[in-house]
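S.K.: Following this line is my_file.cif, made up of mmCIF, C-alpha atoms:
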data_final
loop_
_atom_site.label_atom_id
_atom_site.label_comp_id
_atom_site.auth_asym_id
_atom_site.auth_seq_id
_atom_site.Cartn_x
_atom_site.Cartn_y
_atom_site.Cartn_z
CA MET X 1478 -12.57 17.22 -28.51
CA LYS X 1479 -16.07 16.61 -29.84
CA LYS X 1480 -17.86 13.91 -27.90
CA SER X 1481 -19.30 11.06 -29.91
CA PRO X 1482 -22.68 9.73 -28.84
CA LYS X 1483 -21.31 6.26 -29.46
CA LEU X 1484 -19.03 6.70 -26.46
CA THR X 1485 -21.77 7.55 -23.99
CA GLY X 1486 -23.81 5.30 -21.77
CA GLY X 1487 -23.57 1.53 -22.14
CA GLY X 1488 -22.88 1.39 -25.87
CA ALA X 1489 -22.26 -1.66 -28.04
CA TYR X 1490 -18.65 -2.04 -26.97
CA ASP X 1491 -16.77 -3.77 -24.17
CA ILE X 1492 -14.00 -1.31 -23.37
CA LEU X 1493 -12.46 1.99 -24.38
CA LEU X 1494 -8.70 1.38 -24.36
CA VAL X 1495 -6.78 4.51 -23.31
CA VAL X 1496 -3.30 4.58 -24.86
CA GLY X 1497 -0.68 6.35 -22.77
CA ALA X 1498 -3.01 6.33 -19.78
CA LYS X 1499 -0.36 5.48 -17.20
CA LYS X 1500 0.48 9.15 -16.77
CA PHE X 1501 -2.96 9.58 -15.21
CA SER X 1502 -3.87 8.54 -11.69
CA MET X 1503 -6.93 6.38 -11.12
CA GLY X 1504 -8.70 9.59 -10.20
CA GLY X 1505 -7.68 11.06 -13.56
CA LEU X 1506 -9.06 8.08 -15.46
CA THR X 1507 -12.28 8.25 -13.49
CA LYS X 1508 -12.61 11.95 -14.32
CA ILE X 1509 -12.23 11.16 -18.02
CA ALA X 1510 -14.90 8.48 -17.74
CA HIS X 1511 -17.29 10.95 -16.13
CA GLN X 1512 -16.61 13.56 -18.81
CA LEU X 1513 -17.43 11.04 -21.55
CA LYS X 1514 -20.43 9.75 -19.55
CA LEU X 1515 -18.87 6.30 -19.51
CA PRO X 1516 -19.26 3.63 -16.85
CA GLU X 1517 -15.89 3.63 -15.08
CA GLU X 1518 -15.25 -0.02 -15.85
CA LYS X 1519 -15.54 0.69 -19.59
CA LEU X 1520 -12.31 2.71 -19.44
CA LEU X 1521 -9.15 0.59 -19.51
CA GLY X 1522 -5.55 1.77 -19.33
CA ASP X 1523 -3.38 0.23 -22.03
CA TRP X 1524 -0.70 -0.92 -19.56
CA ILE X 1525 -3.20 -3.16 -17.74
CA VAL X 1526 -3.72 -5.47 -20.70
CA CYS X 1527 0.06 -6.06 -20.73
CA ILE X 1528 0.08 -7.42 -17.16
CA PRO X 1529 0.79 -11.18 -17.27
CA GLY X 1530 -2.37 -13.19 -16.59
CA PHE X 1531 -4.72 -10.43 -17.76
CA THR X 1532 -8.10 -11.40 -19.15
CA LEU X 1533 -11.00 -9.00 -19.45
CA GLU X 1534 -13.18 -11.37 -17.43
CA LYS X 1535 -10.76 -11.44 -14.49
CA TYR X 1536 -10.18 -7.71 -14.60
CA ARG X 1537 -13.91 -6.95 -14.67
CA LYS X 1538 -14.36 -9.20 -11.65
CA LEU X 1539 -11.53 -7.42 -9.84
CA GLN X 1540 -12.98 -3.98 -10.63
CA ARG X 1541 -16.38 -5.00 -9.29
CA SER X 1542 -14.99 -6.66 -6.17
CA ARG X 1543 -14.36 -3.38 -4.32
CA LEU X 1544 -11.15 -4.84 -2.92
CA SER X 1545 -9.51 -3.50 0.23
CA ILE X 1546 -5.76 -4.08 0.57
CA PHE X 1547 -4.11 -4.09 3.99
CA ALA X 1548 -0.32 -3.72 3.90
CA PRO X 1549 2.25 -2.50 6.46
CA HIS X 1550 4.07 -0.28 3.95
CA CYS X 1551 3.81 1.15 0.42
CA PHE X 1552 2.90 -2.14 -1.29
CA GLY X 1553 -0.85 -1.48 -1.21
CA GLY X 1554 -0.64 1.97 -2.75
CA PHE X 1555 1.73 0.78 -5.47
CA LEU X 1556 -0.53 -2.17 -6.31
CA TYR X 1557 -3.70 -0.07 -6.42
CA HIS X 1558 -1.96 2.14 -9.00
CA THR X 1559 -0.63 -0.81 -10.99
CA VAL X 1560 -4.08 -2.38 -11.48
CA ALA X 1561 -5.89 1.01 -11.53
CA LEU X 1562 -8.27 0.38 -8.65
CA THR X 1563 -9.76 2.97 -6.31
CA PHE X 1564 -8.10 3.15 -2.88
CA ARG X 1565 -10.36 1.30 -0.43
CA SER X 1566 -7.90 1.20 2.42
CA PRO X 1567 -6.28 3.68 4.81
CA PHE X 1568 -2.97 1.80 4.57
CA ILE X 1569 -1.51 4.08 1.92
CA ASN X 1570 1.68 6.19 2.15
CA LEU X 1571 2.63 4.98 5.62
CA TRP X 1572 4.36 2.12 7.42
CA LEU X 1573 4.03 0.06 10.58
CA ASP X 1574 6.38 -2.14 12.57
CA MET X 1575 5.59 -5.79 11.75
CA GLU X 1576 4.61 -6.68 15.31
CA ASP X 1577 2.27 -3.67 15.46
CA TYR X 1578 0.81 -4.62 12.09
CA ILE X 1579 0.03 -8.17 13.24
CA ARG X 1580 -1.47 -6.72 16.43
CA PHE X 1581 -3.78 -4.62 14.27
CA LEU X 1582 -4.74 -7.60 12.09
CA ARG X 1583 -5.79 -9.59 15.15
CA ALA X 1584 -8.53 -7.05 15.93
CA PRO X 1585 -8.87 -4.72 12.92
CA ARG X 1586 -12.47 -3.59 13.54
CA VAL X 1587 -11.56 -2.60 17.09
CA TYR X 1588 -8.43 -0.69 16.09
CA ILE X 1589 -10.03 1.06 13.13
CA GLU X 1590 -12.51 2.75 15.46
CA GLU X 1591 -9.73 4.13 17.67
CA GLN X 1592 -8.90 7.81 17.33
CA VAL X 1593 -5.57 8.59 15.69
CA THR X 1594 -3.44 10.70 18.01
CA PHE X 1595 -0.16 12.54 17.51
CA LYS X 1596 2.98 11.15 19.14
CA GLU X 1597 5.96 12.99 17.67
CA THR X 1598 7.67 14.29 14.56
CA ARG X 1599 10.53 12.33 13.02
CA TYR X 1600 12.95 12.91 10.17
CA ASP X 1601 13.12 10.55 7.20
CA LYS X 1602 16.60 10.76 5.69
CA PHE X 1603 15.56 9.02 2.46
CA LEU X 1604 12.67 11.41 1.83
CA ASP X 1605 14.58 14.32 3.40
CA LYS X 1606 11.55 15.49 5.33
CA ASN X 1607 9.90 15.50 8.72
CA TYR X 1608 6.75 13.44 9.16
CA PRO X 1609 4.21 12.71 11.91
CA VAL X 1610 4.28 9.52 13.97
CA THR X 1611 0.78 8.68 15.17
CA VAL X 1612 -0.76 6.26 17.62
CA LEU X 1613 -3.83 4.09 17.08
CA GLY X 1614 -4.73 2.38 20.32
CA ASN X 1615 -1.39 0.84 21.32
CA ILE X 1616 0.23 0.73 17.88
CA GLU X 1617 2.37 3.28 16.06
CA ILE X 1618 1.70 4.35 12.50
CA HIS X 1619 4.44 6.25 10.66
CA MET X 1620 2.73 8.65 8.26
CA ASN X 1621 5.95 9.28 6.38
CA HIS X 1622 4.43 10.50 3.11
CA TYR X 1623 2.18 13.15 4.68
CA ARG X 1624 3.03 16.79 5.25
CA ASP X 1625 1.69 16.98 8.76
CA PHE X 1626 -0.56 15.35 11.33
CA ASP X 1627 -3.73 17.13 10.19
CA GLU X 1628 -3.34 15.95 6.61
CA ALA X 1629 -2.54 12.40 7.73
CA VAL X 1630 -5.59 12.13 9.97
CA LYS X 1631 -7.92 13.67 7.39
CA ILE X 1632 -6.91 11.19 4.70
CA TRP X 1633 -6.79 8.21 7.09
CA THR X 1634 -10.33 9.01 8.26
CA ARG X 1635 -11.68 9.36 4.73
CA ARG X 1636 -10.11 6.16 3.47
CA LYS X 1637 -11.03 3.98 6.43
CA GLU X 1638 -14.70 4.59 5.59
CA ARG X 1639 -14.11 2.90 2.23
CA ILE X 1640 -12.94 -0.42 3.70
CA ASN X 1641 -14.81 -3.39 2.29
CA TRP X 1642 -14.71 -5.80 5.21
CA TYR X 1643 -16.21 -8.50 3.01
CA ASN X 1644 -13.31 -8.54 0.55
CA LEU X 1645 -9.94 -8.06 2.19
CA PHE X 1646 -6.53 -8.87 0.78
CA VAL X 1647 -3.94 -8.86 3.55
CA MET X 1648 -0.21 -8.89 2.86
CA MET X 1649 3.16 -8.41 4.45
CA TYR X 1650 6.75 -9.42 3.94
CA THR X 1651 9.35 -10.73 6.37
CA ASP X 1652 12.64 -12.59 6.59
CA SER X 1653 11.63 -13.97 10.01
CA GLU X 1654 10.07 -17.43 10.26
CA GLU X 1655 8.60 -16.45 13.64
CA ILE X 1656 6.76 -13.46 12.15
CA LEU X 1657 5.60 -15.62 9.25
CA GLN X 1658 4.08 -18.15 11.65
CA LYS X 1659 2.22 -15.40 13.51
CA PHE X 1660 0.89 -14.03 10.22
CA ASP X 1661 -0.08 -17.47 8.94
CA ALA X 1662 -2.22 -18.03 12.04
CA LEU X 1663 -4.41 -15.00 11.28
CA PRO X 1664 -7.99 -15.77 10.17
CA TYR X 1665 -8.03 -14.24 6.69
CA GLY X 1666 -9.12 -15.95 3.49
CA LYS X 1667 -6.69 -14.05 1.27
CA LYS X 1668 -3.39 -13.51 3.04
CA VAL X 1669 0.06 -13.37 1.49
CA CYS X 1670 3.44 -13.06 3.18
CA PHE X 1671 6.39 -12.65 0.83
CA VAL X 1672 9.49 -14.36 2.18
CA PRO X 1673 13.07 -14.87 0.92
CA PHE X 1674 13.05 -18.52 2.02
CA LYS X 1675 10.93 -21.54 1.15
CA SER X 1676 8.19 -22.63 3.54
CA ASP X 1677 5.32 -25.12 3.60
CA LEU X 1678 2.97 -22.59 5.21
CA ASP X 1679 0.05 -21.68 2.95
CA SER X 1680 0.50 -17.91 3.34
CA ALA X 1681 4.24 -18.00 2.51
CA TRP X 1682 4.97 -16.74 -1.03
CA TYR X 1683 8.60 -17.26 -1.90
CA ILE X 1684 10.58 -14.68 -3.85
CA ASN X 1685 14.20 -15.44 -4.58
CA PRO X 1686 16.08 -12.33 -3.38
CA GLU X 1687 18.96 -13.12 -5.72
CA ILE X 1688 16.81 -12.40 -8.78
CA ASP X 1689 18.04 -9.00 -9.86
CA PHE X 1690 15.34 -7.12 -11.74
CA ASP X 1691 16.42 -3.54 -11.19
CA ARG X 1692 16.35 -4.01 -7.44
CA ALA X 1693 16.88 -0.85 -5.39
CA GLU X 1694 19.39 -0.56 -2.58
CA GLU X 1695 17.14 -1.61 0.28
CA GLY X 1696 17.12 -5.32 -0.55
CA PHE X 1697 14.14 -7.61 -0.06
CA TYR X 1698 11.79 -4.73 0.76
CA ASP X 1699 12.25 -3.36 -2.75
CA VAL X 1700 12.14 -6.81 -4.32
CA VAL X 1701 8.61 -7.09 -2.92
CA ASN X 1702 7.64 -3.53 -3.87
CA ASN X 1703 8.91 -4.05 -7.43
CA PHE X 1704 6.13 -6.62 -7.80
CA ALA X 1705 3.56 -4.10 -6.60
CA ARG X 1706 5.03 -1.42 -8.88
CA GLY X 1707 4.60 -3.73 -11.87
CA LYS X 1708 8.32 -3.89 -12.59
CA ILE X 1709 8.43 -7.69 -12.37
CA PHE X 1710 5.49 -10.03 -11.85
CA TYR X 1711 6.66 -12.99 -9.80
CA TYR X 1712 3.06 -14.24 -9.50
CA ASP X 1713 -0.23 -13.72 -11.35
CA VAL X 1714 -1.53 -10.57 -9.66
CA PHE X 1715 -5.14 -11.18 -10.71
CA ASP X 1716 -5.25 -14.70 -9.26
CA MET X 1717 -3.61 -13.33 -6.12
CA LEU X 1718 -6.06 -10.48 -5.54
CA LEU X 1719 -9.20 -12.31 -6.63
CA TYR X 1720 -8.65 -15.69 -5.01
CA GLY X 1721 -5.46 -15.60 -2.94
CA LYS X 1722 -4.23 -18.17 -5.47
CA LYS X 1723 -0.49 -18.68 -5.87
CA THR X 1724 0.23 -18.82 -9.61
CA PRO X 1725 4.01 -18.44 -10.24
CA LEU X 1726 5.02 -16.69 -13.45
CA ILE X 1727 8.80 -17.15 -13.28
CA GLU X 1728 11.17 -19.83 -12.06
CA MET X 1729 12.53 -19.02 -8.61
#
Any chance you could give the structure as structure tokens?
M.R.:
Amino acid sequence: MKKSPKLTGGGAYDILLVVGAKKFSMGGLTKIAHQLKLPEEKLLGDWIVCIPGFTLEKYRKLQRSRLSIFAPHCFGGFLYHTVALTFRSPFINLWLDMEDYIRFLRAPRVYIEEQVTFKETRYDKFLDKNYPVTVLGNIEIHMNHYRDFDEAVKIWTRRKERINWYNLFVMMYTDSEEILQKFDALPYGKKVCFVPFKSDLDSAWYINPEIDFDRAEEGFYDVVNNFARGKIFYYDVFDMLLYGKKTPLIEM
């Protein structure tokens, strides 16, 4: 493809909309931007403009915010892909017990400096594979989407250096009011706990588990992840990530 000089540098245009871009990873889109000598934020996947609540102003702000997402399971990775942001968190392709996760959130800068050590290998029947269980201080991290301990530690170490401590979005889900109360007490400006029951706590974001939008077999866990995957937007994802603002999009 011959490169047009009109598509290089700043240019007199706002965005270059890439049709069919969802087959690319964020890294793939970034590579295309570099090849065309485009600022990364000029390149926009077509699926993003279809996300409810999208405006170019909000999306630009989100791109520039260098957001770090903390999540105890796959939600963060799914959401980074859905809104096409660079991973700025080590909490990707792994899971933690909820109590361990809250323990981490109470002293994240202390835990993040701990050395990850190997505990054991376990078998995941859903993925049909063995994976490494690691220890960070006194918490366990299940690196269930990594081939082995060496790969898990290498990627964890690289991604933890990207954390933007000045712009954190912290989430979890639970069906326990006790866990919700512990999470709600944490000192974070943008914190969201998805729950299958109604609560007056500020961090509680209700999702009706009876709403059946192609839910998978695992119940509420997949109801929450379907939001991150972009299958159903219960809330405005841009308001959530930018401001921690609860803007419902459907009746629940």
S.K.: Neighbouring residues of Asn1644 (chain X) were defined as those with any atom within 8 Å, considering all atoms listed in the file; residues of the same chain fewer than 5 positions away were excluded. Please report them as a list of chain:residue names.
M.R.: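 In the requested form, the answer reads X:Ser1542, X:Arg1543, X:Leu1544, X:Ser1545.
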S.K.: In Å to one decimal, how far is CA of Asn1615 (chain X) from CA of Tyr1643 (chain X)?
M.R.: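 Calculated distance between CA of Tyr1643 (chain X) and CA of Asn1615 (chain X) is 25.3 Å.
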S.K.: Between X:Leu1513, X:Ala1548, X:Val1593, X:Ala1662, single out the one closest to Ala1681 (chain X), counting only C-alpha atoms.
M.R.: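 For Ala1681 (chain X), the nearest of the candidates is X:Ala1662.
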S.K.: Check which residues of region 1637-1681 of chain X sit at most 8 Å from region 1559-1574 of chain X using all atoms listed in the file, and return one row each with the closest pair of atoms and their distance in Å to one decimal, ordered by chain and rising number, as a Markdown table.
M.R.:
| residue | atom | partner | partner_atom | distance |
| --- | --- | --- | --- | --- |
| X:Lys1637 | CA | X:Pro1567 | CA | 5.0 |
| X:Arg1639 | CA | X:Arg1565 | CA | 4.9 |
| X:Ile1640 | CA | X:Arg1565 | CA | 5.2 |
| X:Asn1641 | CA | X:Arg1565 | CA | 7.0 |
S.K.: Could you write out the selected residues, including C-alpha atoms, as an mmCIF file, keeping the file's coordinate frame?
M.R.:
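This went into result.cif:
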data_model
loop_
_atom_site.group_PDB
_atom_site.id
_atom_site.type_symbol
_atom_site.label_atom_id
_atom_site.label_comp_id
_atom_site.auth_asym_id
_atom_site.auth_seq_id
_atom_site.Cartn_x
_atom_site.Cartn_y
_atom_site.Cartn_z
ATOM 1 C CA LYS X 1637 -11.030 3.980 6.430
ATOM 2 C CA ARG X 1639 -14.110 2.900 2.230
ATOM 3 C CA ILE X 1640 -12.940 -0.420 3.700
ATOM 4 C CA ASN X 1641 -14.810 -3.390 2.290
#
S.K.: Near Phe1555 (chain X), counting only C-alpha atoms, which residues have an atom at most 9 Å away, once you skip same-chain residues fewer than 6 positions from it, shown as a ChimeraX atom specification?
M.R.: /X:1569,1702-1707
S.K.: At a cut-off of 7 Å, using all atoms listed in the file, what residues contact region 1606-1611 of chain X? Leave out same-chain residues fewer than 5 positions from it and give the result as number ranges by chain.
M.R.: X: 1593-1601, 1617-1621, 1623-1626
S.K.: Report as an mmCIF file with C-alpha atoms, keeping the file's coordinate frame the residues that result from applying the PyMOL selection byres ((chain X and resi 1697) around 9) to the structure here.
M.R.:
data_model
loop_
_atom_site.group_PDB
_atom_site.id
_atom_site.type_symbol
_atom_site.label_atom_id
_atom_site.label_comp_id
_atom_site.auth_asym_id
_atom_site.auth_seq_id
_atom_site.Cartn_x
_atom_site.Cartn_y
_atom_site.Cartn_z
ATOM 1 C CA TYR X 1650 6.750 -9.420 3.940
ATOM 2 C CA THR X 1651 9.350 -10.730 6.370
ATOM 3 C CA ASP X 1652 12.640 -12.590 6.590
ATOM 4 C CA VAL X 1672 9.490 -14.360 2.180
ATOM 5 C CA PRO X 1673 13.070 -14.870 0.920
ATOM 6 C CA ILE X 1684 10.580 -14.680 -3.850
ATOM 7 C CA PRO X 1686 16.080 -12.330 -3.380
ATOM 8 C CA ARG X 1692 16.350 -4.010 -7.440
ATOM 9 C CA GLU X 1695 17.140 -1.610 0.280
ATOM 10 C CA GLY X 1696 17.120 -5.320 -0.550
ATOM 11 C CA TYR X 1698 11.790 -4.730 0.760
ATOM 12 C CA ASP X 1699 12.250 -3.360 -2.750
ATOM 13 C CA VAL X 1700 12.140 -6.810 -4.320
ATOM 14 C CA VAL X 1701 8.610 -7.090 -2.920
ATOM 15 C CA ASN X 1702 7.640 -3.530 -3.870
#
S.K.: Neighbouring residues of Phe1531 (chain X) were defined as those with any atom within 9 Å, considering all atoms listed in the file; residues of the same chain fewer than 6 positions away were excluded. Please report them as a PyMOL selection string.
M.R.: chain X and resi 1525+1713-1715
S.K.: Measuring atom to atom with all atoms listed in the file, identify which of X:Lys1723, X:His1558, X:Arg1636, X:Arg1580 is nearest to Cys1670 (chain X).
M.R.: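 Using all atoms listed in the file, the shortest distance to Cys1670 (chain X) belongs to X:Lys1723.
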S.K.: When you draw a straight line from CA of Lys1514 (chain X) to CA of Arg1537 (chain X), how long is it in Å?
M.R.: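 We find that CA of Lys1514 (chain X) and CA of Arg1537 (chain X) lie 18.6 Å from each other.
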